[in-house]
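Pasted below: run02.pdb, PDB, C-alpha atoms and all ligand atoms.
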ATOM      1  CA  MET A   1      94.076  81.318  65.131  1.00  0.00           C
ATOM      2  CA  LYS A   2      96.072  81.468  68.298  1.00  0.00           C
ATOM      3  CA  SER A   3      97.090  78.312  70.026  1.00  0.00           C
ATOM      4  CA  ASP A   4      96.223  77.881  73.669  1.00  0.00           C
ATOM      5  CA  ASN A   5      99.910  78.063  74.408  1.00  0.00           C
ATOM      6  CA  SER A   6     100.421  81.422  72.821  1.00  0.00           C
ATOM      7  CA  ARG A   7      97.316  82.766  74.534  1.00  0.00           C
ATOM      8  CA  ARG A   8      98.619  81.560  77.879  1.00  0.00           C
ATOM      9  CA  SER A   9     101.981  83.096  77.128  1.00  0.00           C
ATOM     10  CA  PHE A  10     100.350  86.399  76.313  1.00  0.00           C
ATOM     11  CA  LEU A  11      98.342  86.343  79.511  1.00  0.00           C
ATOM     12  CA  LYS A  12     101.506  85.778  81.501  1.00  0.00           C
ATOM     13  CA  LYS A  13     103.109  88.736  79.756  1.00  0.00           C
ATOM     14  CA  SER A  14     100.160  90.914  80.565  1.00  0.00           C
ATOM     15  CA  ALA A  15     100.422  89.939  84.184  1.00  0.00           C
ATOM     16  CA  VAL A  16     104.101  90.740  84.267  1.00  0.00           C
ATOM     17  CA  LEU A  17     103.675  94.123  82.659  1.00  0.00           C
ATOM     18  CA  THR A  18     100.727  95.069  84.844  1.00  0.00           C
ATOM     19  CA  ILE A  19     103.184  95.519  87.650  1.00  0.00           C
ATOM     20  CA  GLY A  20     101.064  97.974  89.531  1.00  0.00           C
ATOM     21  CA  THR A  21      98.312  95.603  90.424  1.00  0.00           C
ATOM     22  CA  ILE A  22     100.468  93.332  92.514  1.00  0.00           C
ATOM     23  CA  VAL A  23     103.670  94.706  93.882  1.00  0.00           C
ATOM     24  CA  SER A  24     105.613  91.860  95.317  1.00  0.00           C
ATOM     25  CA  SER A  25     109.218  90.918  95.180  1.00  0.00           C
ATOM     26  CA  SER A  26     108.362  87.817  93.205  1.00  0.00           C
ATOM     27  CA  ILE A  27     106.773  89.906  90.484  1.00  0.00           C
ATOM     28  CA  VAL A  28     109.795  92.172  90.514  1.00  0.00           C
ATOM     29  CA  ASN A  29     112.045  89.166  90.257  1.00  0.00           C
ATOM     30  CA  ASN A  30     110.063  87.513  87.534  1.00  0.00           C
ATOM     31  CA  ALA A  31     109.839  90.621  85.456  1.00  0.00           C
ATOM     32  CA  PHE A  32     113.262  92.074  85.767  1.00  0.00           C
ATOM     33  CA  ALA A  33     115.746  90.045  87.657  1.00  0.00           C
ATOM     34  CA  SER A  34     115.750  86.442  86.652  1.00  0.00           C
ATOM     35  CA  PRO A  35     119.055  85.360  85.164  1.00  0.00           C
ATOM     36  CA  THR A  36     117.354  85.154  81.818  1.00  0.00           C
ATOM     37  CA  LEU A  37     115.890  88.606  82.394  1.00  0.00           C
ATOM     38  CA  ILE A  38     112.502  88.729  80.765  1.00  0.00           C
ATOM     39  CA  ASN A  39     112.434  85.031  80.200  1.00  0.00           C
ATOM     40  CA  LYS A  40     110.981  83.042  77.355  1.00  0.00           C
ATOM     41  CA  GLU A  41     107.686  82.592  79.183  1.00  0.00           C
ATOM     42  CA  SER A  42     107.127  86.296  79.118  1.00  0.00           C
ATOM     43  CA  ALA A  43     107.653  86.671  75.394  1.00  0.00           C
ATOM     44  CA  ILE A  44     104.620  87.884  73.540  1.00  0.00           C
ATOM     45  CA  PRO A  45     103.816  86.096  70.334  1.00  0.00           C
ATOM     46  CA  GLU A  46     103.802  87.858  67.005  1.00  0.00           C
ATOM     47  CA  GLY A  47     100.636  89.875  66.593  1.00  0.00           C
ATOM     48  CA  GLU A  48     100.224  90.654  70.302  1.00  0.00           C
ATOM     49  CA  LYS A  49     100.987  94.020  71.879  1.00  0.00           C
ATOM     50  CA  PHE A  50     103.144  95.363  74.646  1.00  0.00           C
ATOM     51  CA  THR A  51     101.134  97.337  77.197  1.00  0.00           C
ATOM     52  CA  LEU A  52     101.841 100.198  79.594  1.00  0.00           C
ATOM     53  CA  PRO A  53     102.346  98.896  83.143  1.00  0.00           C
ATOM     54  CA  ILE A  54     100.121 100.412  85.796  1.00  0.00           C
ATOM     55  CA  LEU A  55     102.085 102.407  88.345  1.00  0.00           C
ATOM     56  CA  PRO A  56     102.271 100.747  91.763  1.00  0.00           C
ATOM     57  CA  TYR A  57     101.324 104.102  93.385  1.00  0.00           C
ATOM     58  CA  ASN A  58      99.358 107.235  92.506  1.00  0.00           C
ATOM     59  CA  TYR A  59     100.844 110.031  90.428  1.00  0.00           C
ATOM     60  CA  ASP A  60     101.051 112.283  93.480  1.00  0.00           C
ATOM     61  CA  ALA A  61     102.449 109.605  95.800  1.00  0.00           C
ATOM     62  CA  LEU A  62     106.076 110.634  95.399  1.00  0.00           C
ATOM     63  CA  GLU A  63     105.391 114.273  96.338  1.00  0.00           C
ATOM     64  CA  PRO A  64     107.112 116.437  97.377  1.00  0.00           C
ATOM     65  CA  HIS A  65     110.187 114.780  95.884  1.00  0.00           C
ATOM     66  CA  ILE A  66     108.828 113.971  92.419  1.00  0.00           C
ATOM     67  CA  ASP A  67     105.764 116.018  91.508  1.00  0.00           C
ATOM     68  CA  LYS A  68     102.407 114.742  90.310  1.00  0.00           C
ATOM     69  CA  LEU A  69     102.359 116.453  86.911  1.00  0.00           C
ATOM     70  CA  THR A  70     105.821 115.171  86.017  1.00  0.00           C
ATOM     71  CA  MET A  71     104.837 111.628  86.997  1.00  0.00           C
ATOM     72  CA  GLU A  72     101.573 111.808  85.080  1.00  0.00           C
ATOM     73  CA  ILE A  73     103.130 113.097  81.865  1.00  0.00           C
ATOM     74  CA  HIS A  74     106.182 110.876  82.192  1.00  0.00           C
ATOM     75  CA  HIS A  75     104.134 107.718  82.632  1.00  0.00           C
ATOM     76  CA  SER A  76     100.956 108.367  80.609  1.00  0.00           C
ATOM     77  CA  LYS A  77     102.568 110.282  77.727  1.00  0.00           C
ATOM     78  CA  HIS A  78     106.280 109.491  77.443  1.00  0.00           C
ATOM     79  CA  HIS A  79     106.226 105.854  78.513  1.00  0.00           C
ATOM     80  CA  GLN A  80     102.978 105.240  76.626  1.00  0.00           C
ATOM     81  CA  ALA A  81     104.644 106.626  73.492  1.00  0.00           C
ATOM     82  CA  TYR A  82     107.513 104.135  73.800  1.00  0.00           C
ATOM     83  CA  VAL A  83     104.984 101.311  74.147  1.00  0.00           C
ATOM     84  CA  ASN A  84     102.951 102.506  71.159  1.00  0.00           C
ATOM     85  CA  ASN A  85     106.018 103.086  69.019  1.00  0.00           C
ATOM     86  CA  LEU A  86     107.477  99.717  69.976  1.00  0.00           C
ATOM     87  CA  ASN A  87     104.274  97.967  68.900  1.00  0.00           C
ATOM     88  CA  LYS A  88     104.266  99.964  65.675  1.00  0.00           C
ATOM     89  CA  ALA A  89     107.943  99.224  65.020  1.00  0.00           C
ATOM     90  CA  LEU A  90     107.425  95.508  65.557  1.00  0.00           C
ATOM     91  CA  GLU A  91     104.649  95.614  62.972  1.00  0.00           C
ATOM     92  CA  THR A  92     106.309  97.797  60.395  1.00  0.00           C
ATOM     93  CA  ALA A  93     110.081  97.632  60.806  1.00  0.00           C
ATOM     94  CA  ASP A  94     112.126  94.602  59.883  1.00  0.00           C
ATOM     95  CA  ALA A  95     111.593  92.455  62.961  1.00  0.00           C
ATOM     96  CA  SER A  96     112.378  89.184  61.200  1.00  0.00           C
ATOM     97  CA  LEU A  97     115.582  88.765  63.232  1.00  0.00           C
ATOM     98  CA  LEU A  98     113.406  88.249  66.293  1.00  0.00           C
ATOM     99  CA  GLY A  99     111.822  85.145  64.841  1.00  0.00           C
ATOM    100  CA  GLY A 100     108.393  86.125  66.133  1.00  0.00           C
ATOM    101  CA  SER A 101     109.515  86.078  69.784  1.00  0.00           C
ATOM    102  CA  PHE A 102     108.950  89.522  71.194  1.00  0.00           C
ATOM    103  CA  SER A 103     110.660  89.352  74.574  1.00  0.00           C
ATOM    104  CA  PHE A 104     112.963  92.006  75.979  1.00  0.00           C
ATOM    105  CA  GLU A 105     115.625  89.344  76.289  1.00  0.00           C
ATOM    106  CA  ASN A 106     115.468  88.487  72.613  1.00  0.00           C
ATOM    107  CA  ILE A 107     115.253  92.115  71.523  1.00  0.00           C
ATOM    108  CA  PHE A 108     118.227  93.190  73.663  1.00  0.00           C
ATOM    109  CA  ASP A 109     120.306  90.187  72.600  1.00  0.00           C
ATOM    110  CA  LYS A 110     119.887  91.250  68.994  1.00  0.00           C
ATOM    111  CA  ALA A 111     119.979  95.016  69.604  1.00  0.00           C
ATOM    112  CA  ALA A 112     122.996  95.589  67.367  1.00  0.00           C
ATOM    113  CA  LYS A 113     121.239  94.226  64.324  1.00  0.00           C
ATOM    114  CA  LEU A 114     117.750  95.605  64.849  1.00  0.00           C
ATOM    115  CA  PRO A 115     116.272  98.800  63.413  1.00  0.00           C
ATOM    116  CA  ALA A 116     116.748 101.794  65.728  1.00  0.00           C
ATOM    117  CA  SER A 117     112.966 102.087  66.093  1.00  0.00           C
ATOM    118  CA  ILE A 118     112.802  98.694  67.818  1.00  0.00           C
ATOM    119  CA  ARG A 119     115.958  99.138  69.916  1.00  0.00           C
ATOM    120  CA  ASN A 120     115.062 102.649  71.145  1.00  0.00           C
ATOM    121  CA  ASN A 121     111.428 101.953  71.948  1.00  0.00           C
ATOM    122  CA  ALA A 122     112.047  98.565  73.555  1.00  0.00           C
ATOM    123  CA  GLY A 123     114.733 100.230  75.667  1.00  0.00           C
ATOM    124  CA  GLY A 124     112.317 103.020  76.536  1.00  0.00           C
ATOM    125  CA  HIS A 125     109.632 100.543  77.589  1.00  0.00           C
ATOM    126  CA  TYR A 126     111.936  98.342  79.652  1.00  0.00           C
ATOM    127  CA  ASN A 127     113.901 101.168  81.286  1.00  0.00           C
ATOM    128  CA  HIS A 128     110.794 103.025  82.409  1.00  0.00           C
ATOM    129  CA  SER A 129     109.057  99.848  83.631  1.00  0.00           C
ATOM    130  CA  LEU A 130     112.061  99.217  85.848  1.00  0.00           C
ATOM    131  CA  PHE A 131     112.357 102.857  86.928  1.00  0.00           C
ATOM    132  CA  TRP A 132     108.758 102.964  88.210  1.00  0.00           C
ATOM    133  CA  ILE A 133     109.011  99.918  90.455  1.00  0.00           C
ATOM    134  CA  LEU A 134     112.310 101.179  91.855  1.00  0.00           C
ATOM    135  CA  MET A 135     110.545 104.175  93.360  1.00  0.00           C
ATOM    136  CA  LYS A 136     108.150 104.174  96.300  1.00  0.00           C
ATOM    137  CA  PRO A 137     106.501 106.728  98.590  1.00  0.00           C
ATOM    138  CA  ASN A 138     108.081 107.257 102.005  1.00  0.00           C
ATOM    139  CA  SER A 139     111.188 105.423 100.990  1.00  0.00           C
ATOM    140  CA  GLY A 140     114.824 106.377 100.607  1.00  0.00           C
ATOM    141  CA  GLY A 141     117.250 105.782 103.426  1.00  0.00           C
ATOM    142  CA  GLN A 142     119.809 103.057 103.044  1.00  0.00           C
ATOM    143  CA  PRO A 143     119.897  99.439 101.917  1.00  0.00           C
ATOM    144  CA  LYS A 144     120.124  96.587 104.397  1.00  0.00           C
ATOM    145  CA  GLY A 145     121.699  93.174 104.651  1.00  0.00           C
ATOM    146  CA  LYS A 146     123.733  91.653 101.858  1.00  0.00           C
ATOM    147  CA  LEU A 147     123.207  94.569  99.508  1.00  0.00           C
ATOM    148  CA  ALA A 148     124.517  96.996 102.125  1.00  0.00           C
ATOM    149  CA  GLU A 149     127.554  94.755 102.571  1.00  0.00           C
ATOM    150  CA  ALA A 150     128.134  94.555  98.819  1.00  0.00           C
ATOM    151  CA  ILE A 151     127.918  98.333  98.476  1.00  0.00           C
ATOM    152  CA  ASN A 152     130.436  98.776 101.287  1.00  0.00           C
ATOM    153  CA  THR A 153     132.770  96.237  99.703  1.00  0.00           C
ATOM    154  CA  SER A 154     132.530  97.770  96.231  1.00  0.00           C
ATOM    155  CA  PHE A 155     132.521 101.462  97.080  1.00  0.00           C
ATOM    156  CA  GLY A 156     133.939 101.743 100.605  1.00  0.00           C
ATOM    157  CA  SER A 157     130.781 103.164 102.152  1.00  0.00           C
ATOM    158  CA  PHE A 158     127.180 104.024 101.357  1.00  0.00           C
ATOM    159  CA  ASP A 159     128.022 107.722 101.184  1.00  0.00           C
ATOM    160  CA  GLU A 160     130.803 107.058  98.695  1.00  0.00           C
ATOM    161  CA  PHE A 161     128.442 104.936  96.568  1.00  0.00           C
ATOM    162  CA  LYS A 162     125.846 107.695  96.630  1.00  0.00           C
ATOM    163  CA  LYS A 163     128.449 110.260  95.638  1.00  0.00           C
ATOM    164  CA  GLN A 164     129.748 108.156  92.739  1.00  0.00           C
ATOM    165  CA  PHE A 165     126.259 107.322  91.470  1.00  0.00           C
ATOM    166  CA  THR A 166     125.299 110.996  91.637  1.00  0.00           C
ATOM    167  CA  ASP A 167     128.501 112.004  89.809  1.00  0.00           C
ATOM    168  CA  VAL A 168     127.847 109.530  86.995  1.00  0.00           C
ATOM    169  CA  SER A 169     124.251 110.749  86.734  1.00  0.00           C
ATOM    170  CA  MET A 170     125.383 114.371  86.568  1.00  0.00           C
ATOM    171  CA  LYS A 171     127.970 113.672  83.877  1.00  0.00           C
ATOM    172  CA  ILE A 172     125.603 112.046  81.381  1.00  0.00           C
ATOM    173  CA  PHE A 173     125.715 114.399  78.416  1.00  0.00           C
ATOM    174  CA  GLY A 174     122.207 114.944  77.113  1.00  0.00           C
ATOM    175  CA  SER A 175     119.622 112.238  77.617  1.00  0.00           C
ATOM    176  CA  GLY A 176     120.332 108.898  79.212  1.00  0.00           C
ATOM    177  CA  TRP A 177     120.229 106.661  82.240  1.00  0.00           C
ATOM    178  CA  ALA A 178     122.483 105.904  85.222  1.00  0.00           C
ATOM    179  CA  TRP A 179     122.655 102.326  86.464  1.00  0.00           C
ATOM    180  CA  LEU A 180     123.862 100.148  89.290  1.00  0.00           C
ATOM    181  CA  VAL A 181     124.417  96.701  87.814  1.00  0.00           C
ATOM    182  CA  VAL A 182     125.624  93.333  88.941  1.00  0.00           C
ATOM    183  CA  THR A 183     128.340  92.239  86.568  1.00  0.00           C
ATOM    184  CA  ASN A 184     130.494  89.143  87.108  1.00  0.00           C
ATOM    185  CA  GLY A 185     129.224  88.974  90.669  1.00  0.00           C
ATOM    186  CA  LYS A 186     130.272  92.546  91.456  1.00  0.00           C
ATOM    187  CA  LEU A 187     128.507  95.888  91.645  1.00  0.00           C
ATOM    188  CA  ALA A 188     129.292  98.580  89.097  1.00  0.00           C
ATOM    189  CA  ILE A 189     127.945 102.039  88.339  1.00  0.00           C
ATOM    190  CA  THR A 190     127.549 102.920  84.695  1.00  0.00           C
ATOM    191  CA  SER A 191     125.503 105.031  82.302  1.00  0.00           C
ATOM    192  CA  THR A 192     123.933 104.650  78.876  1.00  0.00           C
ATOM    193  CA  PRO A 193     122.826 107.242  76.315  1.00  0.00           C
ATOM    194  CA  ASN A 194     119.270 107.666  75.017  1.00  0.00           C
ATOM    195  CA  GLN A 195     117.209 104.523  75.782  1.00  0.00           C
ATOM    196  CA  ASP A 196     120.074 102.042  75.697  1.00  0.00           C
ATOM    197  CA  ASN A 197     120.659  99.873  78.759  1.00  0.00           C
ATOM    198  CA  PRO A 198     123.316  97.526  80.183  1.00  0.00           C
ATOM    199  CA  VAL A 199     121.344  94.484  79.063  1.00  0.00           C
ATOM    200  CA  MET A 200     121.725  95.291  75.372  1.00  0.00           C
ATOM    201  CA  LYS A 201     124.418  93.422  73.516  1.00  0.00           C
ATOM    202  CA  LEU A 202     126.024  96.426  71.896  1.00  0.00           C
ATOM    203  CA  ASP A 203     129.730  97.249  71.520  1.00  0.00           C
ATOM    204  CA  SER A 204     128.934 100.743  72.816  1.00  0.00           C
ATOM    205  CA  ILE A 205     127.709  99.387  76.169  1.00  0.00           C
ATOM    206  CA  VAL A 206     131.006  99.148  78.040  1.00  0.00           C
ATOM    207  CA  VAL A 207     129.615  97.784  81.314  1.00  0.00           C
ATOM    208  CA  LYS A 208     127.050  95.070  80.685  1.00  0.00           C
ATOM    209  CA  GLY A 209     125.173  93.501  83.563  1.00  0.00           C
ATOM    210  CA  THR A 210     121.916  92.982  85.391  1.00  0.00           C
ATOM    211  CA  PRO A 211     120.384  96.308  86.443  1.00  0.00           C
ATOM    212  CA  ILE A 212     119.373  96.705  90.080  1.00  0.00           C
ATOM    213  CA  ILE A 213     119.041 100.517  90.170  1.00  0.00           C
ATOM    214  CA  THR A 214     118.246 102.903  87.364  1.00  0.00           C
ATOM    215  CA  LEU A 215     117.782 106.646  87.173  1.00  0.00           C
ATOM    216  CA  ASP A 216     116.219 108.467  84.237  1.00  0.00           C
ATOM    217  CA  VAL A 217     118.070 111.736  83.602  1.00  0.00           C
ATOM    218  CA  TRP A 218     116.200 112.756  80.465  1.00  0.00           C
ATOM    219  CA  GLU A 219     114.980 116.315  80.986  1.00  0.00           C
ATOM    220  CA  HIS A 220     111.371 115.109  80.709  1.00  0.00           C
ATOM    221  CA  ALA A 221     111.933 113.347  84.048  1.00  0.00           C
ATOM    222  CA  TYR A 222     112.442 116.625  85.917  1.00  0.00           C
ATOM    223  CA  TYR A 223     112.117 119.729  83.783  1.00  0.00           C
ATOM    224  CA  LEU A 224     108.608 120.748  84.923  1.00  0.00           C
ATOM    225  CA  LYS A 225     109.648 120.925  88.567  1.00  0.00           C
ATOM    226  CA  ASN A 226     113.394 121.370  88.563  1.00  0.00           C
ATOM    227  CA  GLN A 227     113.894 123.015  85.148  1.00  0.00           C
ATOM    228  CA  ASN A 228     117.608 122.688  84.321  1.00  0.00           C
ATOM    229  CA  ARG A 229     118.632 121.706  87.856  1.00  0.00           C
ATOM    230  CA  ARG A 230     119.466 118.033  87.413  1.00  0.00           C
ATOM    231  CA  ALA A 231     121.379 117.924  90.708  1.00  0.00           C
ATOM    232  CA  GLU A 232     118.241 118.979  92.582  1.00  0.00           C
ATOM    233  CA  TYR A 233     116.224 116.232  90.867  1.00  0.00           C
ATOM    234  CA  ILE A 234     118.814 113.565  91.679  1.00  0.00           C
ATOM    235  CA  ALA A 235     118.912 114.667  95.325  1.00  0.00           C
ATOM    236  CA  SER A 236     115.095 114.370  95.448  1.00  0.00           C
ATOM    237  CA  TRP A 237     115.094 110.961  93.773  1.00  0.00           C
ATOM    238  CA  TRP A 238     117.256 109.418  96.511  1.00  0.00           C
ATOM    239  CA  ASN A 239     114.297 110.042  98.862  1.00  0.00           C
ATOM    240  CA  VAL A 240     112.005 107.767  96.867  1.00  0.00           C
ATOM    241  CA  LEU A 241     114.398 104.995  95.882  1.00  0.00           C
ATOM    242  CA  ASN A 242     112.720 101.680  96.718  1.00  0.00           C
ATOM    243  CA  TRP A 243     115.531  99.813  98.471  1.00  0.00           C
ATOM    244  CA  GLU A 244     113.380  96.739  99.078  1.00  0.00           C
ATOM    245  CA  ALA A 245     112.945  96.318  95.329  1.00  0.00           C
ATOM    246  CA  VAL A 246     116.659  96.917  94.781  1.00  0.00           C
ATOM    247  CA  GLU A 247     117.457  94.252  97.383  1.00  0.00           C
ATOM    248  CA  SER A 248     115.151  91.803  95.587  1.00  0.00           C
ATOM    249  CA  LEU A 249     116.806  92.467  92.269  1.00  0.00           C
ATOM    250  CA  PHE A 250     120.237  92.084  93.855  1.00  0.00           C
ATOM    251  CA  ALA A 251     119.332  88.767  95.471  1.00  0.00           C
ATOM    252  CA  ALA A 252     118.060  87.427  92.155  1.00  0.00           C
ATOM    253  CA  ALA A 253     121.005  88.744  90.156  1.00  0.00           C
ATOM    254  CA  LYS A 254     123.713  87.002  92.167  1.00  0.00           C
TER
HETATM  255 MN   MN3 A 301     111.828 109.008  80.834  1.00  0.00          MN
END
In structure tokens, write the structure found in this file.
Ligand code: MN3
Amino acid sequence: MKSDNSRRSFLKKSAVLTIGTIVSSSIVNNAFASPTLINKESAIPEGEKFTLPILPYNYDALEPHIDKLTMEIHHSKHHQAYVNNLNKALETADASLLGGSFSFENIFDKAAKLPASIRNNAGGHYNHSLFWILMKPNSGGQPKGKLAEAINTSFGSFDEFKKQFTDVSMKIFGSGWAWLVVTNGKLAITSTPNQDNPVMKLDSIVVKGTPIITLDVWEHAYYLKNQNRRAEYIASWWNVLNWEAVESLFAAAK
């Protein structure tokens, strides 16, 4: 029997993960940018399932920059697989360290001690959920306001930031993610291998912080359209980066 509290908690989690139905900065903030990250309220109780978030746009909405087939397979196959495998891992792997609280925050806090199946699939679910809401049709351009100021302060100029972020993305060997994070009140560019992220408490994550931009450079993110040309994919992605969402995450992360 589930208590009313756990049912309510689950419903909140469902709302958070169904990002596509309501795209607002408050949802973005609640889901990904509160100081406690995915906070306790959004934890799902033992026995409940993580679900695939609905995209806040159609699969073809990012054309011509990111193609429809790539988006469809990436979201409905790859991301869905991380969700399914995370649910399976939480049922079958040793999840006792989590104490029955299946929140990203709790999982990432304990990443070093958890089975790889939980760490990798929770990372895959979180990273992709963030990646989707940080893209938008007819977007790109440059950030405004305080974020623009912070980028200028940290990197000298927007162009220099873009160059450094692109360089880091290009240099990731194999599969991984590039990030812009807020760490100790400052902006930093970093990268992680596989499905790790800067929120995980792992010795291997050199720059930890609150993500405000992320870029998936796994080949599955671009191979159908760009084949081996990662640089071409990165150049396209800048045209769909959702700066309003980045600004919201930045405001909440400070
Ligand atoms: Mn991916």
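The residue set within 8 Å of stretch 151-161 of chain A, counting only C-alpha atoms and dropping same-chain residues fewer than 4 places from it, reads Gln142, Leu147, Phe165, Lys186, Leu187 and Ala188 of chain A.
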Residues within 7 Å of ligand MN3 301 (chain A), counting all atoms listed in the file, as a short mmCIF file (atom, residue, chain, number, x, y, z; two decimals) with C-alpha atoms, in the coordinates of the input:
data_model
loop_
_atom_site.label_atom_id
_atom_site.label_comp_id
_atom_site.auth_asym_id
_atom_site.auth_seq_id
_atom_site.Cartn_x
_atom_site.Cartn_y
_atom_site.Cartn_z
CA HIS A 74 106.18 110.88 82.19
CA HIS A 78 106.28 109.49 77.44
CA HIS A 79 106.23 105.85 78.51
CA HIS A 128 110.79 103.02 82.41
CA ASP A 216 116.22 108.47 84.24
CA TRP A 218 116.20 112.76 80.46
CA HIS A 220 111.37 115.11 80.71
CA ALA A 221 111.93 113.35 84.05
#
Give me, as a CSV table (one decimal) with C-alpha atoms, keeping the file's coordinate frame, all polymer residues having an atom no more than 7 Å from A:Leu215, counting all atoms listed in the file and skipping those fewer than 5 positions away in the same chain.
chain,number,residue,atom,x,y,z
A,131,PHE,CA,112.4,102.9,86.9
A,177,TRP,CA,120.2,106.7,82.2
A,178,ALA,CA,122.5,105.9,85.2
A,179,TRP,CA,122.7,102.3,86.5
Report the residues retrieved by the PyMOL selection byres (((chain A and resi 71) around 12) and not hetatm) from the displayed file, expressed as number ranges by chain.
A: 55, 57-70, 72-79, 128, 131-132, 135, 220-225
Considering all atoms listed in the file, state which residue in the set A:Gly174, A:Tyr126, A:Leu114, A:Leu98 is at the smallest distance from A:Thr51.
A:Tyr126
